$ cat final.cif   # mmCIF, C-alpha atoms
data_protein
#
loop_
_atom_site.group_PDB
_atom_site.id
_atom_site.type_symbol
_atom_site.label_atom_id
_atom_site.label_comp_id
_atom_site.auth_asym_id
_atom_site.auth_seq_id
_atom_site.Cartn_x
_atom_site.Cartn_y
_atom_site.Cartn_z
ATOM 1 C CA MET A 2 48.425 199.478 113.211
ATOM 2 C CA ARG A 3 49.336 200.153 116.838
ATOM 3 C CA LYS A 4 48.832 196.519 117.710
ATOM 4 C CA ILE A 5 50.995 195.401 114.795
ATOM 5 C CA LEU A 6 53.794 197.773 115.795
ATOM 6 C CA PHE A 7 53.646 196.593 119.388
ATOM 7 C CA LEU A 8 53.765 192.948 118.324
ATOM 8 C CA LEU A 9 56.738 193.660 116.087
ATOM 9 C CA PHE A 10 58.505 195.143 119.082
ATOM 10 C CA LEU A 11 57.746 192.054 121.128
ATOM 11 C CA LEU A 12 59.083 189.896 118.304
ATOM 12 C CA ASN A 13 62.380 191.781 118.335
ATOM 13 C CA VAL A 14 62.733 191.456 122.104
ATOM 14 C CA PHE A 15 61.711 187.808 121.916
ATOM 15 C CA ILE A 16 64.512 187.095 119.469
ATOM 16 C CA ILE A 17 66.998 188.866 121.730
ATOM 17 C CA SER A 18 66.005 186.986 124.877
ATOM 18 C CA ALA A 19 65.701 183.669 123.052
ATOM 19 C CA GLN A 20 69.422 183.727 122.407
ATOM 20 C CA GLU A 21 70.179 183.621 126.132
ATOM 21 C CA ILE A 22 72.437 186.630 125.779
ATOM 22 C CA SER A 23 73.997 188.517 128.654
ATOM 23 C CA SER A 24 72.447 191.535 130.348
ATOM 24 C CA LYS A 25 74.958 193.812 128.626
ATOM 25 C CA GLU A 26 74.307 192.364 125.163
ATOM 26 C CA PHE A 27 70.553 192.616 125.708
ATOM 27 C CA GLN A 28 70.818 196.286 126.646
ATOM 28 C CA GLN A 29 73.135 197.058 123.741
ATOM 29 C CA THR A 30 70.743 195.383 121.292
ATOM 30 C CA LEU A 31 67.734 197.179 122.765
ATOM 31 C CA ASN A 32 69.560 200.498 122.471
ATOM 32 C CA LYS A 33 70.438 199.732 118.859
ATOM 33 C CA GLU A 34 66.761 199.206 118.046
ATOM 34 C CA TYR A 35 65.853 202.582 119.505
ATOM 35 C CA PHE A 36 68.480 204.245 117.305
ATOM 36 C CA ASP A 37 66.930 202.577 114.242
ATOM 37 C CA LYS A 38 64.394 204.922 112.671
ATOM 38 C CA GLU A 39 62.438 201.957 111.286
ATOM 39 C CA GLU A 40 62.102 200.225 114.662
ATOM 40 C CA THR A 41 62.141 202.954 117.297
ATOM 41 C CA PRO A 42 58.994 203.760 119.281
ATOM 42 C CA LEU A 43 60.276 207.274 119.883
ATOM 43 C CA ALA A 44 58.305 210.261 118.690
ATOM 44 C CA GLU A 45 60.074 212.158 115.929
ATOM 45 C CA GLU A 46 61.006 215.090 118.162
ATOM 46 C CA ASP A 47 62.554 212.734 120.749
ATOM 47 C CA PHE A 48 64.329 210.631 118.140
ATOM 48 C CA LYS A 49 66.148 213.720 116.858
ATOM 49 C CA VAL A 50 67.824 214.286 120.244
ATOM 50 C CA PHE A 51 68.034 210.664 121.418
ATOM 51 C CA LYS A 52 71.398 209.778 123.018
ATOM 52 C CA GLY A 53 70.566 206.286 124.239
ATOM 53 C CA LEU A 54 68.419 204.578 126.842
ATOM 54 C CA ASN A 55 69.185 205.259 130.481
ATOM 55 C CA PHE A 56 69.934 201.984 132.260
ATOM 56 C CA TYR A 57 70.733 201.230 135.852
ATOM 57 C CA PRO A 58 74.248 199.777 136.162
ATOM 58 C CA ILE A 59 74.132 196.020 135.576
ATOM 59 C CA ASP A 60 74.016 194.330 138.966
ATOM 60 C CA GLU A 61 74.188 190.551 139.484
ATOM 61 C CA LYS A 62 72.141 191.009 142.665
ATOM 62 C CA TYR A 63 69.123 191.417 140.385
ATOM 63 C CA ILE A 64 69.686 188.134 138.569
ATOM 64 C CA VAL A 65 67.684 185.808 140.795
ATOM 65 C CA GLU A 66 66.743 182.161 140.786
ATOM 66 C CA ALA A 67 63.009 181.642 141.158
ATOM 67 C CA LYS A 68 60.827 178.619 141.836
ATOM 68 C CA PHE A 69 58.290 178.135 139.046
ATOM 69 C CA VAL A 70 54.819 176.945 140.027
ATOM 70 C CA SER A 71 52.494 176.080 137.149
ATOM 71 C CA THR A 72 48.856 177.262 137.359
ATOM 72 C CA PRO A 73 47.115 175.133 134.691
ATOM 73 C CA ASP A 74 43.494 175.796 135.707
ATOM 74 C CA GLU A 75 43.440 179.573 135.251
ATOM 75 C CA LYS A 76 40.759 181.203 133.127
ATOM 76 C CA VAL A 77 41.427 183.551 130.219
ATOM 77 C CA PHE A 78 40.906 187.221 131.143
ATOM 78 C CA LYS A 79 40.974 190.602 129.440
ATOM 79 C CA MET A 80 44.133 192.483 130.415
ATOM 80 C CA LYS A 81 43.713 196.233 130.775
ATOM 81 C CA THR A 82 45.901 198.429 128.599
ATOM 82 C CA THR A 83 46.704 202.109 128.318
ATOM 83 C CA GLY A 84 44.328 202.223 125.349
ATOM 84 C CA THR A 85 40.932 200.755 124.562
ATOM 85 C CA ARG A 86 42.004 197.267 123.486
ATOM 86 C CA THR A 87 41.837 194.433 126.024
ATOM 87 C CA PRO A 88 43.886 191.453 124.788
ATOM 88 C CA ASP A 89 43.216 187.954 126.086
ATOM 89 C CA TYR A 90 45.743 186.635 128.582
ATOM 90 C CA VAL A 91 45.918 183.717 130.960
ATOM 91 C CA LYS A 92 47.988 183.374 134.104
ATOM 92 C CA TYR A 93 50.499 180.647 133.235
ATOM 93 C CA GLY A 94 52.320 180.300 136.535
ATOM 94 C CA GLU A 95 54.007 181.932 139.504
ATOM 95 C CA LEU A 96 57.643 182.765 140.150
ATOM 96 C CA ILE A 97 58.708 182.765 143.799
ATOM 97 C CA PHE A 98 62.080 184.263 144.653
ATOM 98 C CA SER A 99 64.054 185.969 147.401
ATOM 99 C CA LEU A 100 65.713 189.377 147.316
ATOM 100 C CA ASP A 101 67.369 191.146 150.239
ATOM 101 C CA GLY A 102 66.242 188.320 152.508
ATOM 102 C CA ARG A 103 62.562 188.739 151.604
ATOM 103 C CA GLU A 104 60.343 186.439 149.562
ATOM 104 C CA PHE A 105 58.379 187.736 146.581
ATOM 105 C CA LYS A 106 55.984 186.339 144.000
ATOM 106 C CA LEU A 107 55.350 187.404 140.408
ATOM 107 C CA ASN A 108 52.742 186.015 138.047
ATOM 108 C CA LEU A 109 53.698 184.932 134.537
ATOM 109 C CA TYR A 110 51.169 185.518 131.769
ATOM 110 C CA GLN A 111 50.559 184.150 128.294
ATOM 111 C CA ASN A 112 48.993 186.179 125.468
ATOM 112 C CA ILE A 113 46.392 183.951 123.812
ATOM 113 C CA ASP A 114 46.664 185.538 120.352
ATOM 114 C CA LEU A 115 50.433 185.924 120.380
ATOM 115 C CA ILE A 116 51.192 182.253 121.066
ATOM 116 C CA LYS A 117 49.399 181.348 117.826
ATOM 117 C CA LYS A 118 52.015 183.223 115.802
ATOM 118 C CA PRO A 119 55.123 181.417 114.524
ATOM 119 C CA GLY A 120 57.990 181.575 117.008
ATOM 120 C CA PHE A 121 55.845 182.609 119.978
ATOM 121 C CA ALA A 122 54.467 179.263 121.161
ATOM 122 C CA ASP A 123 56.583 179.321 124.338
ATOM 123 C CA TYR A 124 56.548 183.089 124.932
ATOM 124 C CA LEU A 125 55.580 184.303 128.420
ATOM 125 C CA PHE A 126 55.044 187.844 129.660
ATOM 126 C CA LEU A 127 56.391 189.094 133.009
ATOM 127 C CA PRO A 128 55.168 192.618 133.784
ATOM 128 C CA PHE A 129 56.081 194.153 137.144
ATOM 129 C CA SER A 130 56.152 197.398 139.062
ATOM 130 C CA ASP A 131 58.274 198.246 142.086
ATOM 131 C CA LEU A 132 59.068 201.089 144.478
ATOM 132 C CA THR A 133 61.241 202.909 141.923
ATOM 133 C CA CYS A 134 58.221 203.433 139.630
ATOM 134 C CA GLY A 135 57.356 207.084 139.230
ATOM 135 C CA LYS A 136 60.707 208.073 140.700
ATOM 136 C CA GLU A 137 63.672 206.649 138.781
ATOM 137 C CA SER A 138 61.789 204.193 136.590
ATOM 138 C CA TYR A 139 58.660 204.468 134.452
ATOM 139 C CA ILE A 140 55.533 205.024 136.541
ATOM 140 C CA GLY A 141 53.615 202.306 134.693
ATOM 141 C CA GLY A 142 56.102 199.533 135.448
ATOM 142 C CA ARG A 143 58.341 197.455 133.219
ATOM 143 C CA TYR A 144 58.362 194.165 131.322
ATOM 144 C CA ILE A 145 60.620 191.126 131.071
ATOM 145 C CA ASP A 146 60.230 188.521 128.321
ATOM 146 C CA MET A 147 60.322 184.879 129.393
ATOM 147 C CA HIS A 148 59.809 181.401 127.933
ATOM 148 C CA ILE A 149 57.916 178.373 129.174
ATOM 149 C CA PRO A 150 60.215 176.852 131.802
ATOM 150 C CA LYS A 151 61.759 173.464 131.164
ATOM 151 C CA ASN A 152 61.831 172.704 134.907
ATOM 152 C CA ASP A 153 60.767 174.246 138.206
ATOM 153 C CA THR A 154 63.696 176.689 138.441
ATOM 154 C CA VAL A 155 63.746 179.912 136.430
ATOM 155 C CA THR A 156 66.248 182.758 136.230
ATOM 156 C CA ILE A 157 64.791 186.270 136.368
ATOM 157 C CA ASP A 158 67.233 188.891 135.097
ATOM 158 C CA PHE A 159 65.872 192.280 136.127
ATOM 159 C CA ASN A 160 68.756 193.885 134.212
ATOM 160 C CA LYS A 161 66.738 192.955 131.103
ATOM 161 C CA ALA A 162 63.644 194.850 132.267
ATOM 162 C CA TYR A 163 62.451 197.278 129.608
ATOM 163 C CA ASN A 164 59.795 199.968 129.373
ATOM 164 C CA PRO A 165 56.574 199.519 127.407
ATOM 165 C CA TYR A 166 56.363 201.516 124.208
ATOM 166 C CA CYS A 167 53.797 203.861 125.759
ATOM 167 C CA ALA A 168 56.556 205.146 128.063
ATOM 168 C CA TYR A 169 58.011 206.800 124.953
ATOM 169 C CA ASN A 170 55.030 207.551 122.761
ATOM 170 C CA HIS A 171 51.348 207.998 123.649
ATOM 171 C CA LYS A 172 50.197 206.472 120.349
ATOM 172 C CA TYR A 173 50.922 202.962 121.640
ATOM 173 C CA SER A 174 48.602 200.795 123.689
ATOM 174 C CA CYS A 175 50.431 198.758 126.337
ATOM 175 C CA PRO A 176 49.339 196.199 128.946
ATOM 176 C CA ILE A 177 48.976 197.669 132.432
ATOM 177 C CA VAL A 178 50.916 195.789 135.120
ATOM 178 C CA PRO A 179 48.416 193.785 137.220
ATOM 179 C CA LEU A 180 48.288 194.824 140.878
ATOM 180 C CA GLU A 181 49.444 191.379 142.006
ATOM 181 C CA ASN A 182 52.775 192.017 140.255
ATOM 182 C CA ASP A 183 53.560 195.153 142.250
ATOM 183 C CA LEU A 184 56.769 194.451 144.191
ATOM 184 C CA GLN A 185 57.190 196.222 147.513
ATOM 185 C CA ILE A 186 60.917 196.633 147.005
ATOM 186 C CA GLU A 187 63.133 198.850 144.872
ATOM 187 C CA ILE A 188 64.493 197.135 141.754
ATOM 188 C CA PHE A 189 67.527 199.165 140.742
ATOM 189 C CA ALA A 190 67.979 197.313 137.453
ATOM 190 C CA GLY A 191 66.935 197.572 133.828
ATOM 191 C CA VAL A 192 65.766 200.650 131.938
ATOM 192 C CA LYS A 193 65.070 203.858 133.819
ATOM 193 C CA LYS A 194 62.310 206.287 132.894
ATOM 194 C CA PHE A 195 62.674 208.246 129.662
ATOM 195 C CA HIS A 196 61.263 211.650 130.543
ATOM 196 C CA ASP A 197 61.972 213.452 133.821
#

$ encode --input "final.cif" --output "structure tokens"
Amino acid sequence: MRKILFLLFLLNVFIISAQEISSKEFQQTLNKEYFDKEETPLAEEDFKVFKGLNFYPIDEKYIVEAKFVSTPDEKVFKMKTTGTRTPDYVKYGELIFSLDGREFKLNLYQNIDLIKKPGFADYLFLPFSDLTCGKESYIGGRYIDMHIPKNDTVTIDFNKAYNPYCAYNHKYSCPIVPLENDLQIEIFAGVKKFHD
């Protein structure tokens, strides 16, 4: 059941991002889902007092152009989660970008089971952590949904970074951000942490 709920959440976010909507529209739609009792990951006691997700102000600085490098020979691996399940993923490629005059690299992943489902054939997973984690943002890092690039340039919009469901409710099992996607810079964009 947990896995189904998590996949349903991914489906909702996938639909949002697939429409190429703005950072503001993405955040508004995400907030709307959390206010929906049928879709929210919030525990009942938190839902009762929920006033909306806490976002960093939208900042175009955190919408970056990245070079996409395909990695076609990677092997499938078991990604660690906050629970006992270990879903199959494969590293699909690398995104290389600059921020504040420094170069960074993030790995893009593909969920082997998820891409078999209708509508998810081109879905890619971009988990990351940064120096705000455990301070202003969720300690476990955040996620961005992506699609298979059509060329070697990709836009990463960190304003669309969202927390995994386990940031709100311990009953969910969420992928743990791989160490290679830990950015040594503060990303003041996207959703902040839920509990102080």

$ residues_near_point --input "final.cif" --point "(51.9, 186.0, 124.7)" --cutoff "8 Å" --atoms "all atoms listed in the file" --output "number ranges by chain"
A: 90, 110-116, 121, 124-126

$ write_last_selection --input "final.cif" --atoms "C-alpha atoms" --output "short mmCIF file (atom, residue, chain, number, x, y, z; two decimals), keeping the file's coordinate frame"
data_model
loop_
_atom_site.label_atom_id
_atom_site.label_comp_id
_atom_site.auth_asym_id
_atom_site.auth_seq_id
_atom_site.Cartn_x
_atom_site.Cartn_y
_atom_site.Cartn_z
CA TYR A 90 45.74 186.64 128.58
CA TYR A 110 51.17 185.52 131.77
CA GLN A 111 50.56 184.15 128.29
CA ASN A 112 48.99 186.18 125.47
CA ILE A 113 46.39 183.95 123.81
CA ASP A 114 46.66 185.54 120.35
CA LEU A 115 50.43 185.92 120.38
CA ILE A 116 51.19 182.25 121.07
CA PHE A 121 55.84 182.61 119.98
CA TYR A 124 56.55 183.09 124.93
CA LEU A 125 55.58 184.30 128.42
CA PHE A 126 55.04 187.84 129.66
#

$ closest_residue --input "final.cif" --among "A:Leu43, A:Val50, A:Ile64, A:Ala122" --to "Val155 (chain A)" --atoms "only C-alpha atoms"
A:Ile64

$ atom_distance --input "final.cif" --atom1 "CA of Pro128 (chain A)" --atom2 "CA of Glu46 (chain A)"
28.0 Å

$ residues_near_point --input "final.cif" --point "(63.9, 207.0, 134.8)" --cutoff "6 Å" --atoms "only C-alpha atoms" --output "VMD selection string"
chain A and resid 137 to 139 193 to 195

$ closest_residue --input "final.cif" --among "A:Glu61, A:Asp183, A:Glu75, A:Asp123" --to "Arg143 (chain A)" --atoms "all atoms listed in the file"
A:Asp183

$ closest_residue --input "final.cif" --among "A:Gln28, A:Ile140, A:Asn152, A:Leu127" --to "Pro58 (chain A)" --atoms "all atoms listed in the file"
A:Gln28

$ closest_residue --input "final.cif" --among "A:Phe27, A:Phe129, A:Phe98, A:Tyr163" --to "Ala67 (chain A)" --atoms "all atoms listed in the file"
A:Phe98

$ resolve_selection --input "final.cif" --expression "the PyMOL selection byres ((chain A and resi 92) around 6)" --output "number ranges by chain"
A: 91, 93-94, 109-110

$ resolve_selection --input "final.cif" --expression "the PyMOL selection byres ((chain A and resi 29) around 12)" --output "PyMOL selection string"
chain A and resi 14+17+22-28+30-36+53-56+59+160-161+191-192

$ write_last_selection --input "final.cif" --atoms "C-alpha atoms" --output "compact mmCIF listing (two decimals), in the coordinates of the input"
# COMPACT_ATOMS: atom_id res chain seq x y z
CA VAL A 14 62.73 191.46 122.10
CA ILE A 17 67.00 188.87 121.73
CA ILE A 22 72.44 186.63 125.78
CA SER A 23 74.00 188.52 128.65
CA SER A 24 72.45 191.54 130.35
CA LYS A 25 74.96 193.81 128.63
CA GLU A 26 74.31 192.36 125.16
CA PHE A 27 70.55 192.62 125.71
CA GLN A 28 70.82 196.29 126.65
CA THR A 30 70.74 195.38 121.29
CA LEU A 31 67.73 197.18 122.76
CA ASN A 32 69.56 200.50 122.47
CA LYS A 33 70.44 199.73 118.86
CA GLU A 34 66.76 199.21 118.05
CA TYR A 35 65.85 202.58 119.50
CA PHE A 36 68.48 204.24 117.30
CA GLY A 53 70.57 206.29 124.24
CA LEU A 54 68.42 204.58 126.84
CA ASN A 55 69.18 205.26 130.48
CA PHE A 56 69.93 201.98 132.26
CA ILE A 59 74.13 196.02 135.58
CA ASN A 160 68.76 193.88 134.21
CA LYS A 161 66.74 192.96 131.10
CA GLY A 191 66.94 197.57 133.83
CA VAL A 192 65.77 200.65 131.94

$ atom_distance --input "final.cif" --atom1 "CA of Glu104 (chain A)" --atom2 "CA of Pro165 (chain A)"
26.0 Å

$ closest_residue --input "final.cif" --among "A:Phe159, A:Lys172, A:Gly102, A:Phe51" --to "Lys38 (chain A)" --atoms "all atoms listed in the file"
A:Phe51

$ atom_distance --input "final.cif" --atom1 "CA of Ser99 (chain A)" --atom2 "CA of Lys62 (chain A)"
10.6 Å

$ closest_residue --input "final.cif" --among "A:Thr41, A:Asn108, A:Asn164, A:Asn182" --to "Thr72 (chain A)" --atoms "only C-alpha atoms"
A:Asn108

$ residues_around --input "final.cif" --residues "Leu132 (chain A)" --least-positions-apart "4" --cutoff "7 Å" --atoms "all atoms listed in the file" --output "number ranges by chain"
A: 185-187

$ write_last_selection --input "final.cif" --atoms "C-alpha atoms" --output "CSV table (one decimal), keeping the file's coordinate frame"
chain,number,residue,atom,x,y,z
A,185,GLN,CA,57.2,196.2,147.5
A,186,ILE,CA,60.9,196.6,147.0
A,187,GLU,CA,63.1,198.8,144.9

$ resolve_selection --input "final.cif" --expression "the PyMOL selection byres ((chain A and resi 78) around 9)" --output "PyMOL selection string"
chain A and resi 76-77+79-80+87-92

$ write_last_selection --input "final.cif" --atoms "C-alpha atoms" --output "short mmCIF file (atom, residue, chain, number, x, y, z; two decimals), in the coordinates of the input"
data_model
loop_
_atom_site.label_atom_id
_atom_site.label_comp_id
_atom_site.auth_asym_id
_atom_site.auth_seq_id
_atom_site.Cartn_x
_atom_site.Cartn_y
_atom_site.Cartn_z
CA LYS A 76 40.76 181.20 133.13
CA VAL A 77 41.43 183.55 130.22
CA LYS A 79 40.97 190.60 129.44
CA MET A 80 44.13 192.48 130.42
CA THR A 87 41.84 194.43 126.02
CA PRO A 88 43.89 191.45 124.79
CA ASP A 89 43.22 187.95 126.09
CA TYR A 90 45.74 186.64 128.58
CA VAL A 91 45.92 183.72 130.96
CA LYS A 92 47.99 183.37 134.10
#
